[in-house]
Every structure is written in structure tokens, then in C-alpha cells.
>>> print(open('structure22.cif').read())   # mmCIF, C-alpha atoms and all ligand atoms
data_data
#
loop_
_atom_site.group_PDB
_atom_site.id
_atom_site.type_symbol
_atom_site.label_atom_id
_atom_site.label_comp_id
_atom_site.auth_asym_id
_atom_site.auth_seq_id
_atom_site.Cartn_x
_atom_site.Cartn_y
_atom_site.Cartn_z
ATOM 1 C CA MET A 10 -24.023 -43.762 -44.278
ATOM 2 C CA ILE A 11 -24.746 -41.420 -47.170
ATOM 3 C CA GLY A 12 -21.214 -41.222 -48.564
ATOM 4 C CA THR A 13 -17.496 -41.250 -47.864
ATOM 5 C CA ALA A 14 -14.868 -38.539 -47.427
ATOM 6 C CA LEU A 15 -11.100 -38.410 -47.332
ATOM 7 C CA ILE A 16 -9.509 -35.453 -45.556
ATOM 8 C CA VAL A 17 -5.843 -34.909 -46.404
ATOM 9 C CA TYR A 18 -3.858 -32.419 -44.349
ATOM 10 C CA ALA A 19 -0.513 -31.134 -43.165
ATOM 11 C CA SER A 20 0.015 -29.343 -39.871
ATOM 12 C CA LEU A 21 3.201 -28.186 -38.213
ATOM 13 C CA THR A 22 1.963 -26.630 -34.972
ATOM 14 C CA GLY A 23 -1.525 -28.172 -34.770
ATOM 15 C CA ASN A 24 -3.840 -25.430 -36.128
ATOM 16 C CA THR A 25 -4.663 -27.210 -39.383
ATOM 17 C CA LYS A 26 -5.060 -30.478 -37.501
ATOM 18 C CA GLU A 27 -7.724 -28.780 -35.356
ATOM 19 C CA ILE A 28 -9.551 -27.643 -38.498
ATOM 20 C CA THR A 29 -9.360 -31.201 -39.782
ATOM 21 C CA ASP A 30 -10.789 -32.619 -36.549
ATOM 22 C CA VAL A 31 -13.724 -30.187 -36.642
ATOM 23 C CA LEU A 32 -14.397 -31.008 -40.289
ATOM 24 C CA ALA A 33 -14.249 -34.766 -39.694
ATOM 25 C CA ALA A 34 -16.770 -34.432 -36.847
ATOM 26 C CA GLU A 35 -19.096 -32.349 -39.054
ATOM 27 C CA PHE A 36 -18.937 -34.869 -41.901
ATOM 28 C CA GLU A 37 -19.654 -37.715 -39.492
ATOM 29 C CA LYS A 38 -22.658 -35.793 -38.064
ATOM 30 C CA LEU A 39 -24.012 -35.573 -41.615
ATOM 31 C CA GLY A 40 -23.659 -39.332 -42.048
ATOM 32 C CA VAL A 41 -20.477 -39.307 -44.112
ATOM 33 C CA TYR A 42 -17.904 -41.978 -43.277
ATOM 34 C CA THR A 43 -14.641 -40.004 -42.959
ATOM 35 C CA VAL A 44 -10.974 -40.937 -43.083
ATOM 36 C CA VAL A 45 -8.294 -38.394 -42.100
ATOM 37 C CA LYS A 46 -4.731 -38.773 -43.385
ATOM 38 C CA GLU A 47 -1.537 -36.755 -43.449
ATOM 39 C CA ALA A 48 -0.527 -35.755 -46.959
ATOM 40 C CA GLU A 49 2.884 -37.386 -46.749
ATOM 41 C CA ASP A 50 1.225 -40.755 -46.012
ATOM 42 C CA THR A 51 -1.355 -40.419 -48.779
ATOM 43 C CA ASN A 52 -1.157 -41.709 -52.314
ATOM 44 C CA PRO A 53 -3.345 -39.326 -54.360
ATOM 45 C CA GLN A 54 -4.894 -42.371 -56.084
ATOM 46 C CA GLU A 55 -6.644 -43.068 -52.759
ATOM 47 C CA ILE A 56 -9.041 -40.207 -53.556
ATOM 48 C CA LEU A 57 -10.639 -42.482 -56.150
ATOM 49 C CA HIS A 58 -12.104 -44.634 -53.338
ATOM 50 C CA TYR A 59 -14.112 -41.739 -51.829
ATOM 51 C CA ASP A 60 -17.004 -39.464 -52.855
ATOM 52 C CA ILE A 61 -15.421 -36.365 -51.301
ATOM 53 C CA CYS A 62 -11.837 -35.168 -50.888
ATOM 54 C CA ALA A 63 -11.072 -32.199 -48.627
ATOM 55 C CA VAL A 64 -7.554 -30.828 -48.334
ATOM 56 C CA ALA A 65 -6.504 -28.691 -45.363
ATOM 57 C CA SER A 66 -3.126 -26.976 -45.426
ATOM 58 C CA TYR A 67 -1.134 -24.314 -43.674
ATOM 59 C CA THR A 68 0.996 -21.850 -45.690
ATOM 60 C CA TYR A 69 4.706 -21.403 -45.186
ATOM 61 C CA GLY A 70 7.940 -19.926 -46.518
ATOM 62 C CA ASN A 71 8.728 -16.551 -48.077
ATOM 63 C CA GLU A 72 6.085 -16.455 -50.782
ATOM 64 C CA GLY A 73 3.084 -18.259 -49.370
ATOM 65 C CA ASN A 74 4.443 -21.706 -50.111
ATOM 66 C CA ILE A 75 2.723 -25.053 -49.942
ATOM 67 C CA PRO A 76 4.277 -27.156 -47.160
ATOM 68 C CA ASP A 77 7.133 -29.351 -48.444
ATOM 69 C CA GLU A 78 5.443 -32.467 -47.075
ATOM 70 C CA MET A 79 2.415 -31.813 -49.325
ATOM 71 C CA LEU A 80 4.303 -31.247 -52.577
ATOM 72 C CA ASP A 81 4.255 -34.851 -53.853
ATOM 73 C CA PHE A 82 0.509 -35.021 -53.268
ATOM 74 C CA TYR A 83 -0.003 -31.595 -54.873
ATOM 75 C CA ASP A 84 2.118 -32.389 -57.939
ATOM 76 C CA ALA A 85 0.332 -35.693 -58.586
ATOM 77 C CA LEU A 86 -3.201 -34.253 -58.578
ATOM 78 C CA PRO A 87 -3.405 -33.061 -62.212
ATOM 79 C CA SER A 88 -2.591 -36.556 -63.500
ATOM 80 C CA LEU A 89 -5.793 -37.920 -61.918
ATOM 81 C CA ASP A 90 -9.235 -38.031 -63.471
ATOM 82 C CA LEU A 91 -11.454 -37.114 -60.526
ATOM 83 C CA SER A 92 -14.679 -36.674 -62.470
ATOM 84 C CA GLY A 93 -17.648 -37.514 -60.265
ATOM 85 C CA LYS A 94 -15.723 -36.537 -57.121
ATOM 86 C CA VAL A 95 -16.401 -33.515 -54.923
ATOM 87 C CA TYR A 96 -13.491 -31.537 -53.537
ATOM 88 C CA GLY A 97 -12.956 -28.587 -51.228
ATOM 89 C CA THR A 98 -9.960 -26.891 -49.657
ATOM 90 C CA LEU A 99 -9.329 -25.156 -46.356
ATOM 91 C CA GLY A 100 -6.348 -23.303 -44.954
ATOM 92 C CA SER A 101 -4.878 -22.042 -41.757
ATOM 93 C CA GLY A 102 -2.605 -19.022 -42.041
ATOM 94 C CA GLU A 103 -1.742 -15.660 -40.586
ATOM 95 C CA GLU A 104 -2.573 -12.339 -42.252
ATOM 96 C CA PHE A 105 0.704 -10.981 -40.842
ATOM 97 C CA TYR A 106 2.758 -12.937 -43.403
ATOM 98 C CA GLY A 107 0.803 -11.811 -46.482
ATOM 99 C CA TYR A 108 -0.252 -14.442 -49.060
ATOM 100 C CA PHE A 109 -3.004 -15.302 -46.589
ATOM 101 C CA CYS A 110 -3.760 -19.045 -46.746
ATOM 102 C CA LYS A 111 -2.373 -19.168 -50.288
ATOM 103 C CA SER A 112 -1.891 -22.951 -50.115
ATOM 104 C CA ALA A 113 -5.656 -23.444 -49.894
ATOM 105 C CA ASP A 114 -6.105 -21.384 -53.091
ATOM 106 C CA ASP A 115 -3.265 -23.265 -54.799
ATOM 107 C CA PHE A 116 -4.854 -26.620 -53.981
ATOM 108 C CA ASP A 117 -8.180 -25.309 -55.232
ATOM 109 C CA ALA A 118 -6.552 -24.398 -58.562
ATOM 110 C CA GLN A 119 -4.826 -27.779 -58.733
ATOM 111 C CA PHE A 120 -8.105 -29.663 -58.202
ATOM 112 C CA GLN A 121 -9.618 -27.607 -61.027
ATOM 113 C CA LEU A 122 -7.277 -29.552 -63.354
ATOM 114 C CA THR A 123 -8.786 -32.913 -62.337
ATOM 115 C CA GLU A 124 -12.466 -32.644 -63.421
ATOM 116 C CA ALA A 125 -13.508 -32.848 -59.750
ATOM 117 C CA ILE A 126 -16.398 -30.563 -58.768
ATOM 118 C CA ARG A 127 -15.808 -27.864 -56.156
ATOM 119 C CA GLY A 128 -18.315 -28.494 -53.364
ATOM 120 C CA SER A 129 -17.691 -25.305 -51.415
ATOM 121 C CA GLU A 130 -15.813 -22.031 -51.467
ATOM 122 C CA VAL A 131 -12.308 -22.113 -49.962
ATOM 123 C CA VAL A 132 -12.344 -21.667 -46.173
ATOM 124 C CA LYS A 133 -9.478 -19.591 -44.709
ATOM 125 C CA ILE A 134 -8.827 -19.481 -40.993
ATOM 126 C CA GLU A 135 -6.535 -17.234 -38.956
ATOM 127 C CA GLY A 136 -4.547 -19.570 -36.702
ATOM 128 C CA ASN A 137 -6.729 -22.172 -35.042
ATOM 129 C CA PRO A 138 -10.521 -22.268 -35.468
ATOM 130 C CA ASP A 139 -12.652 -20.063 -33.163
ATOM 131 C CA GLU A 140 -16.450 -20.324 -32.769
ATOM 132 C CA ASN A 141 -17.169 -18.484 -36.034
ATOM 133 C CA ASP A 142 -14.674 -20.633 -37.901
ATOM 134 C CA VAL A 143 -16.420 -23.749 -36.591
ATOM 135 C CA LEU A 144 -19.610 -22.420 -38.213
ATOM 136 C CA SER A 145 -17.721 -21.833 -41.494
ATOM 137 C CA ILE A 146 -16.376 -25.383 -41.373
ATOM 138 C CA ARG A 147 -19.892 -26.699 -40.669
ATOM 139 C CA SER A 148 -21.254 -24.792 -43.659
ATOM 140 C CA PHE A 149 -18.333 -26.079 -45.773
ATOM 141 C CA ALA A 150 -19.223 -29.676 -44.802
ATOM 142 C CA GLU A 151 -22.933 -29.137 -45.497
ATOM 143 C CA GLN A 152 -22.291 -27.672 -48.934
ATOM 144 C CA MET A 153 -19.853 -30.438 -49.836
ATOM 145 C CA VAL A 154 -22.409 -33.083 -48.865
ATOM 146 C CA LYS A 155 -25.192 -31.298 -50.749
ATOM 147 C CA THR A 156 -23.039 -31.233 -53.880
ATOM 148 C CA MET A 157 -22.236 -34.918 -53.445
ATOM 149 C CA GLU A 158 -25.928 -35.769 -53.155
ATOM 150 C CA THR A 159 -26.775 -33.732 -56.258
ATOM 151 C CA LEU A 160 -24.036 -35.487 -58.228
ATOM 152 C CA LYS A 161 -25.247 -38.891 -57.059
ATOM 153 C CA SER A 162 -28.880 -38.218 -57.939
ATOM 154 C CA ASP A 163 -27.878 -36.846 -61.374
ATOM 155 C CA HIS A 164 -25.909 -40.028 -61.909
ATOM 156 C CA VAL A 165 -28.932 -42.194 -61.003
ATOM 157 C CA LYS A 166 -31.117 -40.167 -63.401
ATOM 158 C CA GLU A 167 -28.524 -40.619 -66.152
ATOM 159 C CA PHE A 168 -28.389 -44.346 -65.441
ATOM 160 C CA LYS A 169 -32.192 -44.695 -65.597
ATOM 161 C CA ALA A 170 -32.544 -42.584 -68.758
HETATM 162 C C1 LIG B 1 8.072 -18.931 -41.586
HETATM 163 C C2 LIG B 1 6.575 -18.854 -41.687
HETATM 164 C C3 LIG B 1 6.005 -18.424 -42.855
HETATM 165 C C4 LIG B 1 4.613 -18.308 -42.963
HETATM 166 N N1 LIG B 1 4.060 -17.844 -44.128
HETATM 167 C C5 LIG B 1 2.714 -17.686 -44.212
HETATM 168 C C6 LIG B 1 2.122 -17.167 -45.394
HETATM 169 O O1 LIG B 1 2.780 -16.849 -46.378
HETATM 170 N N2 LIG B 1 0.763 -17.035 -45.424
HETATM 171 C C7 LIG B 1 -0.028 -17.357 -44.362
HETATM 172 O O2 LIG B 1 -1.241 -17.195 -44.442
HETATM 173 N N3 LIG B 1 0.512 -17.852 -43.208
HETATM 174 C C8 LIG B 1 1.842 -18.027 -43.126
HETATM 175 N N4 LIG B 1 2.398 -18.532 -41.964
HETATM 176 C C9 LIG B 1 1.509 -18.835 -40.837
HETATM 177 C C10 LIG B 1 1.104 -20.300 -40.711
HETATM 178 O O3 LIG B 1 0.526 -20.784 -41.910
HETATM 179 C C11 LIG B 1 0.084 -20.413 -39.578
HETATM 180 O O4 LIG B 1 0.752 -20.180 -38.361
HETATM 181 C C12 LIG B 1 -0.672 -21.690 -39.498
HETATM 182 O O5 LIG B 1 -1.708 -21.563 -38.545
HETATM 183 C C13 LIG B 1 0.199 -22.875 -39.133
HETATM 184 O O6 LIG B 1 -0.598 -24.035 -39.202
HETATM 185 P P1 LIG B 1 -0.270 -25.352 -38.376
HETATM 186 O O7 LIG B 1 -0.461 -25.034 -36.900
HETATM 187 O O8 LIG B 1 -1.269 -26.347 -38.848
HETATM 188 O O9 LIG B 1 1.142 -25.740 -38.680
HETATM 189 C C14 LIG B 1 3.778 -18.660 -41.860
HETATM 190 C C15 LIG B 1 4.377 -19.127 -40.677
HETATM 191 C C16 LIG B 1 5.770 -19.220 -40.577
HETATM 192 C C17 LIG B 1 6.371 -19.698 -39.287
#
>>> encode(input="structure22.cif", output="C-alpha cells")
Amino acid sequence: MIGTALIVYASLTGNTKEITDVLAAEFEKLGVYTVVKEAEDTNPQEILHYDICAVASYTYGNEGNIPDEMLDFYDALPSLDLSGKVYGTLGSGEEFYGYFCKSADDFDAQFQLTEAIRGSEVVKIEGNPDENDVLSIRSFAEQMVKTMETLKSDHVKEFKA
């Protein structure tokens, strides 16, 4: 095992859950022990026990809203000091509604307030993941893990110095 990851998600009709399942499998392939949890069952403090936190969300409502069941988790993020942690966000949405995958961008902005390091660009997926999306999720996982490894080796160097 080279590290640990927590994936937090919300999914109403299953698309985001599929993204989460693909991501968990990719992390595991890379040797990262991965735990997947629904946002409403997750205390944001739990992130502190992992090297990586990925958040996957759908977008809802009239103005590209974050799902109600993710709001407590979302609101609590800025009060955490997540320095030394790697984060990344993914979204499922539909172009048709406008505000395409806005929740993923909103979570990205929220993590920026925590000192966590972004490990990958935001991944946005129309509906459920197709073959190309699986490749994007794989690349997301690889970049997250690379960032984690860089952070860990910098930390060792700092410790030895
Ligand atoms: C009422 C409603 C509003 C929506 N608003 C948006 C939106 O603003 N932006 C977006 O990208 N997708 C929007 N969607 C699409 C969903 O985010 C999309 O279907 C997503 O794949 C659902 O994920 P889930 O299967 O994990 O629940 C909306 C869907 C519904 C039913």
C-alpha cells in the first residue's frame, strides 16, 4: 500500500456512484487503500485520516446547486486545516441544464480554503461514465497519486534536513 484515499460522494440516480466505483478501482490498482462514503454519513474531520480526499457530486436545482445532502460536508470544509492532504473533485451533470457540473467546481473552490493541494484538474462527466470518461478518471487517479508521492517525498526531505 502506498497511501490511503477517502472518496466522498452523493448520487441520486446512480451516475455519480458509477464514477466513484471507477475511481475507487483505479486507486486500488495504483496501490492506494480506498474508502468510499456517502457525504451525509461523513464527518469532514475523517479526511484527516487519509492522504487523499476525492469528492464526487452531481449538480441539481435551478442554479447549479450542490445537493442538499452534501451541504453540511461542504460548509464544514473551510474550518479544517488540510495541509499535507491531496484533494480532487469530480462531477456528473448534464449540459442541458446549464451550470454544467457546477458542484464539482464549487467543491474545488471550497477545498482551496483548506490548504489542501489540488492533485488533479476537475473532471466533469455527462451522465454516467463512458469509455473516454473512464480514461479521464484513470488519469485523475494517477495525477492524484503522483501529487501524493511528491508531497510525501518532500516531507521526508524536510524531515532529514
Ligand atoms: C432538476 C434537475 C436539475 C439539474 N441541474 C443541473 C445543473 O444545473 N447542472 C448540471 O450539470 N446538471 C444538472 N442536472 C443533471 C444531473 O446532475 C445529472 O443527471 C447527474 O448525472 C445526476 O447524477 P446522479 O445519477 O449521481 O444522481 C440536473 C438534474 C435535475 C433532475
>>> closest_residue(input="structure22.cif", among="A:Phe149, A:Tyr18, A:Phe82, A:Tyr59", to="ligand LIG 1 (chain B)", atoms="all atoms listed in the file")
A:Tyr18
>>> atom_distance(input="structure22.cif", atom1="atom CA of Lys155 of chain A", atom2="atom CA of Lys169 of chain A")
21.2 Å
>>> residues_near_ligand(input="structure22.cif", ligand="ligand LIG 1 (chain B)", cutoff="7 Å", atoms="all atoms listed in the file", output="count of residues only")
30
>>> resolve_selection(input="structure22.cif", expression="the PyMOL selection byres (((chain A and resi 84) around 12) and not hetatm)", output="number ranges by chain")
A: 48, 52-53, 75, 77-83, 85-89, 115-116, 118-120, 122-123
>>> atom_distance(input="structure22.cif", atom1="atom CA of Ser92 of chain A", atom2="atom CA of Ala34 of chain A")
25.8 Å
>>> closest_residue(input="structure22.cif", among="A:Val64, A:Ala170, A:Ala150, A:Leu144", to="Asp114 of chain A", atoms="all atoms listed in the file")
A:Val64
>>> closest_residue(input="structure22.cif", among="A:Phe36, A:Val41, A:Asp90, A:Leu160", to="Gln54 of chain A", atoms="all atoms listed in the file")
A:Asp90
>>> residues_around(input="structure22.cif", residues="Ala125 of chain A", least_positions_apart="4", cutoff="7 Å", atoms="all atoms listed in the file", output="PyMOL selection string")
chain A and resi 91-96+120-121
>>> atom_distance(input="structure22.cif", atom1="atom CA of Gly40 of chain A", atom2="atom CA of Ser162 of chain A")
16.8 Å
>>> residues_around(input="structure22.cif", residues="Val154 of chain A", least_positions_apart="4", cutoff="12 Å", atoms="all atoms listed in the file", output="PyMOL selection string")
chain A and resi 10-14+32+35-43+60-63+94-97+126-129+147-150+158-161
>>> axis_aligned_box(input="structure22.cif", around="segment 56-62 of chain A", padding_each_side="3 Å", output="lines of an AutoDock Vina configuration file")
center_x = -13.0
center_y = -39.9
center_z = -53.5
size_x = 14.0
size_y = 15.5
size_z = 11.3
>>> resolve_selection(input="structure22.cif", expression="the PyMOL selection byres (((chain A and resi 45) around 8) and not hetatm)", output="list in words")
Leu15, Ile16, Val17, Tyr18, Thr29, Ala33, Thr43, Val44, Lys46 and Glu47 of chain A
>>> resolve_selection(input="structure22.cif", expression="the PyMOL selection byres (((chain A and resi 131) around 8) and not hetatm)", output="count of residues only")
11
